[in-house]
Amino acid sequence: MRIHSVFQAAQCLVEGQVVALPTETVYGLAADGYNAAAMEKIYIFKGRPKNNPLILHYRDIGHVQQDVVWTPWANILADAFWPGPLTLVLSRCPHGRVPDVATAGQETVAVRVPAHPLFQKVLHLMQGPLAAPSANPSGELSPTRPEHVERWFSGFVLDGGACAHGLESTILDARKENIELLRHGAISQEAIKNVLLTHGKGHLTLKEAYMPHKDKNASLMPGQLEGHYAPKKPLRLNAKTLFEGEGLLAFGRPLPGADICIQLSENEDLVEAARHLFHGLYLLDNDVRCQSIAVMPFPLEGLGLAIMDRLTRASIGSARRAVD
Ligand code: TXA
Ligand code: MG
């Protein structure tokens, strides 16, 4: 059910309930980050594997520092990008208050300071952090509008309209000077590299970006397993022509013969395309006039990498669903 009051949202969260909240990236399914029983509910609602840890959202750096082992590189990155769509993986502080359920028992914890004004208002009404994974059933499309959440979640959804970025936060492992990019997201790797270069510190190692994950360390990042973000319909990447029964997700001038077409960005603007990506997928997935989805190619630079990362996983996830 849609609500408009941050006080009502905070009240429910303090009582240990789960509430969907808007962030600048996607909608999150939030619970009190110091309340283990409340966070258990997130896993149940989402059908999320128990070994997939949650991101904790804090109101400011000072509050983050109480729960993690802070590093000089975390400082540089937080200064540059917080509040905003960057998540840092850091070591858990031995004296911190983060329950095991948030971190799936790992020694690390994923933290971020979100920029969305409504999320910030709710955080200011709470004492501690809010755990919030994306507010979708595990493995399905990420929600960027309240109606996407309402399709499956019957609890409270705080209405913040459409999310500004439309892609999840970029995740960095910032424990060591050799910083590892764990998930492409709303901040491009170029922007991160620029900041690190300016400070002459740190070095960014990239994981495979848009290619299917063949990661030996997958247990560090269970949410990044190959199939994810999947529509119900089959999804075909890098389409140069259209087949019968396909709806088109267009980037730039649509392919000839596209009767059913959702335009992500007419001017081939990657920021605009990212903002519309998941909504476009929702629209085609629920359009009875098409049986499958074809997606035009994206340049593999800037946010194009994050977009292709999501789409590749979506196509794997939908193919896997078809054989299940
Ligand atoms: O933009 C976002 O990050 C959104 C909004 C709601 O903040 N949240 C989000 O959460 O995308 P979720 O749960 O859908 O994705 C979090 C990812 C998962 O892939 C999870 O495996 C990874 O972060 N993660 C969480 N804790 C981790 C840790 N300690 N080490 C490595 N990866 C971690
Ligand atoms: Mg997610």
# chains A, B, ... in the order shown; residues from 1 in each chain; ligands from 1
$ residues_around --residues "Gly257 of chain A" --least-positions-apart "2" --cutoff "8 Å" --atoms "only C-alpha atoms" --output "list in words"
Leu242, Leu255 and Asp259 of chain A
$ residues_near_ligand --ligand "ligand 2" --cutoff "9 Å" --atoms "only C-alpha atoms and all ligand atoms" --output "PDB file with C-alpha atoms, in the first residue's frame"
ATOM      1  CA  VAL A  26      16.174   1.838  -7.028  1.00  0.00           C
ATOM      2  CA  GLY A  28      14.811  -0.683  -1.346  1.00  0.00           C
ATOM      3  CA  PRO A 133      18.236  -4.680  -0.726  1.00  0.00           C
ATOM      4  CA  SER A 134      16.425  -3.806  -3.930  1.00  0.00           C
ATOM      5  CA  ALA A 135      12.665  -4.208  -3.427  1.00  0.00           C
ATOM      6  CA  ASN A 136      12.092  -7.032  -5.922  1.00  0.00           C
ATOM      7  CA  PRO A 137      11.616 -10.763  -5.439  1.00  0.00           C
ATOM      8  CA  SER A 138      15.089 -12.305  -5.581  1.00  0.00           C
ATOM      9  CA  GLY A 139      16.332 -12.643  -9.180  1.00  0.00           C
ATOM     10  CA  GLU A 140      13.627 -10.483 -10.772  1.00  0.00           C
ATOM     11  CA  LEU A 141      13.675  -6.980 -12.283  1.00  0.00           C
ATOM     12  CA  SER A 142      14.759  -4.193  -9.945  1.00  0.00           C
ATOM     13  CA  GLU A 168      21.801   0.146  -8.302  1.00  0.00           C
ATOM     14  CA  GLY A 223      23.954 -11.516  -5.449  1.00  0.00           C
ATOM     15  CA  GLN A 224      26.105 -11.236  -8.512  1.00  0.00           C
ATOM     16  CA  HIS A 228      19.536 -11.988 -12.153  1.00  0.00           C
ATOM     17  CA  TYR A 229      17.359  -8.958 -12.933  1.00  0.00           C
TER      18      TYR A 229
END
$ closest_residue --among "A:Ala186, A:Ala9, A:Val19, A:Leu264" --to "ligand 1" --atoms "only C-alpha atoms and all ligand atoms"
A:Ala186
$ closest_residue --among "A:Phe81, A:Thr108, A:Ala37, A:Ile44" --to "ligand 1" --atoms "only C-alpha atoms and all ligand atoms"
A:Thr108
$ residues_around --residues "Lys240 of chain A" --least-positions-apart "3" --cutoff "9 Å" --atoms "only C-alpha atoms" --output "list in words"
Leu255, Val295, Met296 and Pro297 of chain A
$ write_last_selection --atoms "all heavy atoms" --output "compact mmCIF listing (two decimals), in the first residue's frame"
# COMPACT_ATOMS: atom_id res chain seq x y z
N LEU A 255 15.25 0.15 -34.52
CA LEU A 255 15.42 -0.75 -35.67
C LEU A 255 14.17 -0.71 -36.53
O LEU A 255 13.07 -0.49 -36.01
CB LEU A 255 15.63 -2.19 -35.18
CG LEU A 255 16.86 -2.43 -34.29
CD1 LEU A 255 16.87 -3.88 -33.79
CD2 LEU A 255 18.14 -2.14 -35.08
N VAL A 295 16.94 -6.19 -27.42
CA VAL A 295 17.57 -4.96 -26.93
C VAL A 295 18.66 -4.52 -27.88
O VAL A 295 19.50 -5.34 -28.31
CB VAL A 295 18.18 -5.17 -25.52
CG1 VAL A 295 18.64 -3.86 -24.93
CG2 VAL A 295 17.21 -5.86 -24.59
N MET A 296 18.68 -3.25 -28.22
CA MET A 296 19.73 -2.73 -29.11
C MET A 296 21.07 -2.64 -28.36
O MET A 296 21.10 -2.63 -27.14
CB MET A 296 19.29 -1.36 -29.66
CG MET A 296 18.15 -1.50 -30.65
SD MET A 296 17.47 0.08 -31.23
CE MET A 296 18.87 0.78 -32.08
N PRO A 297 22.18 -2.58 -29.11
CA PRO A 297 23.50 -2.54 -28.45
C PRO A 297 23.76 -1.23 -27.71
O PRO A 297 23.21 -0.19 -28.07
CB PRO A 297 24.48 -2.68 -29.62
CG PRO A 297 23.68 -2.99 -30.82
CD PRO A 297 22.28 -2.61 -30.56
$ select_by_dssp --residues "segment 109-210 of chain A" --states "alpha helix (DSSP H)" --output "ChimeraX atom specification"
/A:117-124,146-150,189-198
$ select_by_dssp --residues "segment 101-138 of chain A" --states "strand (DSSP E)" --output "PyMOL selection string"
chain A and resi 108-112+130-131
$ closest_residue --among "A:Ile192, A:Val157, A:Leu167, A:Leu123" --to "His57 of chain A" --atoms "only C-alpha atoms"
A:Leu123
$ residues_around --residues "Ala20 of chain A" --least-positions-apart "5" --cutoff "10 Å" --atoms "only C-alpha atoms" --output "ChimeraX atom specification"
/A:1-3,9,27-31,132-136,146,149-150,153-159
$ atom_distance --atom1 "atom 12 (P, counted along the ligand's line) of ligand 1" --atom2 "atom CA of Cys93 of chain A"
21.4 Å
$ residues_around --residues "segment 58-75 of chain A" --least-positions-apart "2" --cutoff "7 Å" --atoms "only C-alpha atoms" --output "ChimeraX atom specification"
/A:56,77-79,90-93,96-98,112-113,120,123-124,129-130,174-175,177,202
$ write_last_selection --atoms "N, CA and C atoms" --output "PDB file, in the first residue's frame"
ATOM      1  N   LEU A  56      23.853  -1.914   4.215  1.00  0.00           N
ATOM      2  CA  LEU A  56      23.355  -1.063   5.292  1.00  0.00           C
ATOM      3  C   LEU A  56      23.468   0.405   4.869  1.00  0.00           C
ATOM      4  N   LEU A  77      36.890   8.070  -1.205  1.00  0.00           N
ATOM      5  CA  LEU A  77      35.711   7.725  -2.011  1.00  0.00           C
ATOM      6  C   LEU A  77      34.433   8.280  -1.387  1.00  0.00           C
ATOM      7  N   ALA A  78      34.341   8.199  -0.072  1.00  0.00           N
ATOM      8  CA  ALA A  78      33.141   8.719   0.607  1.00  0.00           C
ATOM      9  C   ALA A  78      33.060  10.235   0.437  1.00  0.00           C
ATOM     10  N   ASP A  79      34.187  10.902   0.552  1.00  0.00           N
ATOM     11  CA  ASP A  79      34.227  12.366   0.362  1.00  0.00           C
ATOM     12  C   ASP A  79      33.718  12.743  -1.019  1.00  0.00           C
ATOM     13  N   LEU A  90      33.615  -3.007   3.520  1.00  0.00           N
ATOM     14  CA  LEU A  90      34.697  -2.786   4.490  1.00  0.00           C
ATOM     15  C   LEU A  90      34.654  -3.895   5.548  1.00  0.00           C
ATOM     16  N   SER A  91      35.727  -3.978   6.342  1.00  0.00           N
ATOM     17  CA  SER A  91      35.723  -4.970   7.419  1.00  0.00           C
ATOM     18  C   SER A  91      34.770  -4.524   8.515  1.00  0.00           C
ATOM     19  N   ARG A  92      34.098  -5.502   9.099  1.00  0.00           N
ATOM     20  CA  ARG A  92      33.209  -5.186  10.213  1.00  0.00           C
ATOM     21  C   ARG A  92      34.027  -4.773  11.418  1.00  0.00           C
ATOM     22  N   CYS A  93      33.556  -3.749  12.105  1.00  0.00           N
ATOM     23  CA  CYS A  93      34.220  -3.334  13.327  1.00  0.00           C
ATOM     24  C   CYS A  93      33.864  -4.351  14.414  1.00  0.00           C
ATOM     25  N   GLY A  96      31.205  -3.196  16.599  1.00  0.00           N
ATOM     26  CA  GLY A  96      30.015  -2.621  15.972  1.00  0.00           C
ATOM     27  C   GLY A  96      28.749  -3.362  16.362  1.00  0.00           C
ATOM     28  N   ARG A  97      27.623  -2.789  15.976  1.00  0.00           N
ATOM     29  CA  ARG A  97      26.335  -3.369  16.393  1.00  0.00           C
ATOM     30  C   ARG A  97      25.640  -4.137  15.272  1.00  0.00           C
ATOM     31  N   VAL A  98      26.359  -4.364  14.169  1.00  0.00           N
ATOM     32  CA  VAL A  98      25.703  -5.006  13.018  1.00  0.00           C
ATOM     33  C   VAL A  98      25.502  -6.500  13.275  1.00  0.00           C
ATOM     34  N   ARG A 112      26.464   2.202   2.695  1.00  0.00           N
ATOM     35  CA  ARG A 112      26.385   3.406   1.869  1.00  0.00           C
ATOM     36  C   ARG A 112      25.559   4.481   2.546  1.00  0.00           C
ATOM     37  N   VAL A 113      25.804   5.743   2.150  1.00  0.00           N
ATOM     38  CA  VAL A 113      25.014   6.882   2.621  1.00  0.00           C
ATOM     39  C   VAL A 113      24.186   7.351   1.432  1.00  0.00           C
ATOM     40  N   GLN A 120      16.671   9.826   3.497  1.00  0.00           N
ATOM     41  CA  GLN A 120      17.433  10.542   4.531  1.00  0.00           C
ATOM     42  C   GLN A 120      16.523  10.966   5.684  1.00  0.00           C
ATOM     43  N   LEU A 123      15.891   8.031   7.807  1.00  0.00           N
ATOM     44  CA  LEU A 123      17.098   7.705   8.595  1.00  0.00           C
ATOM     45  C   LEU A 123      17.245   8.652   9.794  1.00  0.00           C
ATOM     46  N   HIS A 124      16.882   9.922   9.588  1.00  0.00           N
ATOM     47  CA  HIS A 124      17.011  10.882  10.688  1.00  0.00           C
ATOM     48  C   HIS A 124      15.980  10.643  11.791  1.00  0.00           C
ATOM     49  N   PRO A 129      21.223   2.358  11.327  1.00  0.00           N
ATOM     50  CA  PRO A 129      21.119   2.234   9.875  1.00  0.00           C
ATOM     51  C   PRO A 129      19.880   1.445   9.436  1.00  0.00           C
ATOM     52  N   LEU A 130      19.626   1.485   8.149  1.00  0.00           N
ATOM     53  CA  LEU A 130      18.565   0.673   7.558  1.00  0.00           C
ATOM     54  C   LEU A 130      19.190  -0.305   6.573  1.00  0.00           C
ATOM     55  N   ALA A 174      36.730  -1.652  -0.556  1.00  0.00           N
ATOM     56  CA  ALA A 174      37.688  -0.587  -0.233  1.00  0.00           C
ATOM     57  C   ALA A 174      38.516  -0.920   0.996  1.00  0.00           C
ATOM     58  N   ARG A 175      38.734  -2.220   1.214  1.00  0.00           N
ATOM     59  CA  ARG A 175      39.503  -2.609   2.398  1.00  0.00           C
ATOM     60  C   ARG A 175      40.991  -2.386   2.195  1.00  0.00           C
ATOM     61  N   GLU A 177      44.377  -0.975  -0.503  1.00  0.00           N
ATOM     62  CA  GLU A 177      44.696   0.083  -1.465  1.00  0.00           C
ATOM     63  C   GLU A 177      44.320  -0.338  -2.880  1.00  0.00           C
ATOM     64  N   GLY A 202      45.512   4.540  -4.263  1.00  0.00           N
ATOM     65  CA  GLY A 202      44.603   3.460  -4.619  1.00  0.00           C
ATOM     66  C   GLY A 202      44.745   3.053  -6.067  1.00  0.00           C
TER      67      GLY A 202
END
$ closest_residue --among "A:Gly245, A:Gly105, A:Pro117, A:Gly33" --to "ligand 1" --atoms "only C-alpha atoms and all ligand atoms"
A:Gly105
$ closest_residue --among "A:Leu248, A:Ala306, A:Leu237, A:Ala110" --to "ligand 1" --atoms "only C-alpha atoms and all ligand atoms"
A:Ala110
$ decode --residues "segment 102-225 of chain A" --atoms "C-alpha atoms" --output "PDB file, in the first residue's frame"
ATOM      1  CA  ALA A 102      22.934  -8.401   7.752  1.00  0.00           C
ATOM      2  CA  THR A 103      26.317  -9.656   6.581  1.00  0.00           C
ATOM      3  CA  ALA A 104      25.361 -13.303   6.088  1.00  0.00           C
ATOM      4  CA  GLY A 105      28.015 -14.046   8.697  1.00  0.00           C
ATOM      5  CA  GLN A 106      30.847 -12.533   6.616  1.00  0.00           C
ATOM      6  CA  GLU A 107      33.692 -10.502   8.093  1.00  0.00           C
ATOM      7  CA  THR A 108      32.830  -7.641   5.770  1.00  0.00           C
ATOM      8  CA  VAL A 109      29.871  -5.298   5.617  1.00  0.00           C
ATOM      9  CA  ALA A 110      28.495  -3.301   2.675  1.00  0.00           C
ATOM     10  CA  VAL A 111      27.645   0.300   3.594  1.00  0.00           C
ATOM     11  CA  ARG A 112      26.385   3.406   1.869  1.00  0.00           C
ATOM     12  CA  VAL A 113      25.014   6.882   2.621  1.00  0.00           C
ATOM     13  CA  PRO A 114      22.056   7.394   0.270  1.00  0.00           C
ATOM     14  CA  ALA A 115      21.184  10.798  -1.157  1.00  0.00           C
ATOM     15  CA  HIS A 116      17.426  10.464  -1.567  1.00  0.00           C
ATOM     16  CA  PRO A 117      15.741  13.150   0.602  1.00  0.00           C
ATOM     17  CA  LEU A 118      12.891  10.860   1.752  1.00  0.00           C
ATOM     18  CA  PHE A 119      15.269   8.025   2.667  1.00  0.00           C
ATOM     19  CA  GLN A 120      17.433  10.542   4.531  1.00  0.00           C
ATOM     20  CA  LYS A 121      14.386  11.866   6.421  1.00  0.00           C
ATOM     21  CA  VAL A 122      13.482   8.342   7.515  1.00  0.00           C
ATOM     22  CA  LEU A 123      17.098   7.705   8.595  1.00  0.00           C
ATOM     23  CA  HIS A 124      17.011  10.882  10.688  1.00  0.00           C
ATOM     24  CA  LEU A 125      13.952   9.523  12.517  1.00  0.00           C
ATOM     25  CA  MET A 126      15.802   6.296  13.343  1.00  0.00           C
ATOM     26  CA  GLN A 127      18.771   5.745  15.620  1.00  0.00           C
ATOM     27  CA  GLY A 128      20.752   3.347  13.487  1.00  0.00           C
ATOM     28  CA  PRO A 129      21.119   2.234   9.875  1.00  0.00           C
ATOM     29  CA  LEU A 130      18.565   0.673   7.558  1.00  0.00           C
ATOM     30  CA  ALA A 131      19.272  -2.561   5.736  1.00  0.00           C
ATOM     31  CA  ALA A 132      17.792  -2.389   2.245  1.00  0.00           C
ATOM     32  CA  PRO A 133      18.236  -4.680  -0.726  1.00  0.00           C
ATOM     33  CA  SER A 134      16.425  -3.806  -3.930  1.00  0.00           C
ATOM     34  CA  ALA A 135      12.665  -4.208  -3.427  1.00  0.00           C
ATOM     35  CA  ASN A 136      12.092  -7.032  -5.922  1.00  0.00           C
ATOM     36  CA  PRO A 137      11.616 -10.763  -5.439  1.00  0.00           C
ATOM     37  CA  SER A 138      15.089 -12.305  -5.581  1.00  0.00           C
ATOM     38  CA  GLY A 139      16.332 -12.643  -9.180  1.00  0.00           C
ATOM     39  CA  GLU A 140      13.627 -10.483 -10.772  1.00  0.00           C
ATOM     40  CA  LEU A 141      13.675  -6.980 -12.283  1.00  0.00           C
ATOM     41  CA  SER A 142      14.759  -4.193  -9.945  1.00  0.00           C
ATOM     42  CA  PRO A 143      12.047  -1.654  -9.047  1.00  0.00           C
ATOM     43  CA  THR A 144      12.484   2.003  -9.977  1.00  0.00           C
ATOM     44  CA  ARG A 145       8.883   3.143  -9.358  1.00  0.00           C
ATOM     45  CA  PRO A 146       6.392   2.483  -6.535  1.00  0.00           C
ATOM     46  CA  GLU A 147       4.102   0.530  -8.862  1.00  0.00           C
ATOM     47  CA  HIS A 148       6.913  -1.954  -9.566  1.00  0.00           C
ATOM     48  CA  VAL A 149       7.068  -2.754  -5.845  1.00  0.00           C
ATOM     49  CA  GLU A 150       3.298  -2.886  -5.459  1.00  0.00           C
ATOM     50  CA  ARG A 151       3.110  -5.627  -8.105  1.00  0.00           C
ATOM     51  CA  TRP A 152       4.341  -8.125  -5.515  1.00  0.00           C
ATOM     52  CA  PHE A 153       4.708  -6.469  -2.084  1.00  0.00           C
ATOM     53  CA  SER A 154       1.548  -5.813  -0.061  1.00  0.00           C
ATOM     54  CA  GLY A 155       3.222  -3.856   2.763  1.00  0.00           C
ATOM     55  CA  PHE A 156       3.848  -0.098   2.899  1.00  0.00           C
ATOM     56  CA  VAL A 157       5.620   1.596  -0.009  1.00  0.00           C
ATOM     57  CA  LEU A 158       6.781   5.172   0.625  1.00  0.00           C
ATOM     58  CA  ASP A 159       6.055   7.058  -2.600  1.00  0.00           C
ATOM     59  CA  GLY A 160       9.077   8.885  -3.982  1.00  0.00           C
ATOM     60  CA  GLY A 161       8.072   8.689  -7.649  1.00  0.00           C
ATOM     61  CA  ALA A 162      10.600   7.437 -10.193  1.00  0.00           C
ATOM     62  CA  CYS A 163      14.219   6.914  -9.038  1.00  0.00           C
ATOM     63  CA  ALA A 164      16.763   9.376 -10.422  1.00  0.00           C
ATOM     64  CA  HIS A 165      19.503   6.925 -11.448  1.00  0.00           C
ATOM     65  CA  GLY A 166      17.464   3.785 -12.115  1.00  0.00           C
ATOM     66  CA  LEU A 167      20.507   1.529 -11.577  1.00  0.00           C
ATOM     67  CA  GLU A 168      21.801   0.146  -8.302  1.00  0.00           C
ATOM     68  CA  SER A 169      24.809   1.625  -6.544  1.00  0.00           C
ATOM     69  CA  THR A 170      28.335   0.833  -7.681  1.00  0.00           C
ATOM     70  CA  ILE A 171      29.993  -1.520  -5.166  1.00  0.00           C
ATOM     71  CA  LEU A 172      33.695  -1.264  -4.304  1.00  0.00           C
ATOM     72  CA  ASP A 173      35.738  -3.377  -1.949  1.00  0.00           C
ATOM     73  CA  ALA A 174      37.688  -0.587  -0.233  1.00  0.00           C
ATOM     74  CA  ARG A 175      39.503  -2.609   2.398  1.00  0.00           C
ATOM     75  CA  LYS A 176      42.880  -2.459   0.676  1.00  0.00           C
ATOM     76  CA  GLU A 177      44.696   0.083  -1.465  1.00  0.00           C
ATOM     77  CA  ASN A 178      44.014  -2.149  -4.445  1.00  0.00           C
ATOM     78  CA  ILE A 179      40.323  -1.324  -4.707  1.00  0.00           C
ATOM     79  CA  GLU A 180      38.094  -3.878  -6.376  1.00  0.00           C
ATOM     80  CA  LEU A 181      34.987  -3.027  -8.321  1.00  0.00           C
ATOM     81  CA  LEU A 182      32.443  -5.686  -7.326  1.00  0.00           C
ATOM     82  CA  ARG A 183      29.362  -4.363  -9.133  1.00  0.00           C
ATOM     83  CA  HIS A 184      29.016  -1.822 -11.908  1.00  0.00           C
ATOM     84  CA  GLY A 185      26.371   0.712 -11.028  1.00  0.00           C
ATOM     85  CA  ALA A 186      25.155   4.291 -11.068  1.00  0.00           C
ATOM     86  CA  ILE A 187      28.669   5.752 -10.711  1.00  0.00           C
ATOM     87  CA  SER A 188      30.853   4.897 -13.686  1.00  0.00           C
ATOM     88  CA  GLN A 189      34.246   3.260 -13.278  1.00  0.00           C
ATOM     89  CA  GLU A 190      35.757   6.263 -15.101  1.00  0.00           C
ATOM     90  CA  ALA A 191      34.431   8.631 -12.409  1.00  0.00           C
ATOM     91  CA  ILE A 192      35.899   6.430  -9.685  1.00  0.00           C
ATOM     92  CA  LYS A 193      39.252   6.122 -11.432  1.00  0.00           C
ATOM     93  CA  ASN A 194      39.386   9.910 -11.811  1.00  0.00           C
ATOM     94  CA  VAL A 195      38.930  10.448  -8.094  1.00  0.00           C
ATOM     95  CA  LEU A 196      41.566   7.853  -7.215  1.00  0.00           C
ATOM     96  CA  LEU A 197      43.978   9.361  -9.740  1.00  0.00           C
ATOM     97  CA  THR A 198      43.455  12.880  -8.402  1.00  0.00           C
ATOM     98  CA  HIS A 199      44.506  11.685  -4.977  1.00  0.00           C
ATOM     99  CA  GLY A 200      47.381   9.607  -6.323  1.00  0.00           C
ATOM    100  CA  LYS A 201      46.120   6.805  -4.129  1.00  0.00           C
ATOM    101  CA  GLY A 202      44.603   3.460  -4.619  1.00  0.00           C
ATOM    102  CA  HIS A 203      44.311   1.347  -7.700  1.00  0.00           C
ATOM    103  CA  LEU A 204      41.089   0.097  -9.212  1.00  0.00           C
ATOM    104  CA  THR A 205      40.861  -3.555 -10.257  1.00  0.00           C
ATOM    105  CA  LEU A 206      37.875  -4.427 -12.323  1.00  0.00           C
ATOM    106  CA  LYS A 207      35.947  -7.618 -12.108  1.00  0.00           C
ATOM    107  CA  GLU A 208      34.472  -8.913 -15.335  1.00  0.00           C
ATOM    108  CA  ALA A 209      31.888  -6.366 -16.232  1.00  0.00           C
ATOM    109  CA  TYR A 210      29.129  -7.350 -18.575  1.00  0.00           C
ATOM    110  CA  MET A 211      30.308 -10.875 -19.286  1.00  0.00           C
ATOM    111  CA  PRO A 212      28.753 -13.853 -17.558  1.00  0.00           C
ATOM    112  CA  HIS A 213      30.364 -14.263 -14.201  1.00  0.00           C
ATOM    113  CA  LYS A 214      32.951 -16.990 -13.923  1.00  0.00           C
ATOM    114  CA  ASP A 215      34.126 -15.897 -10.550  1.00  0.00           C
ATOM    115  CA  LYS A 216      36.078 -18.164  -8.259  1.00  0.00           C
ATOM    116  CA  ASN A 217      35.199 -15.860  -5.349  1.00  0.00           C
ATOM    117  CA  ALA A 218      31.477 -15.897  -6.020  1.00  0.00           C
ATOM    118  CA  SER A 219      30.775 -16.528  -2.366  1.00  0.00           C
ATOM    119  CA  LEU A 220      31.906 -12.950  -1.666  1.00  0.00           C
ATOM    120  CA  MET A 221      29.196 -11.668  -3.948  1.00  0.00           C
ATOM    121  CA  PRO A 222      26.340 -14.165  -4.117  1.00  0.00           C
ATOM    122  CA  GLY A 223      23.954 -11.516  -5.449  1.00  0.00           C
ATOM    123  CA  GLN A 224      26.105 -11.236  -8.512  1.00  0.00           C
ATOM    124  CA  LEU A 225      25.546 -14.770  -9.702  1.00  0.00           C
TER     125      LEU A 225
END
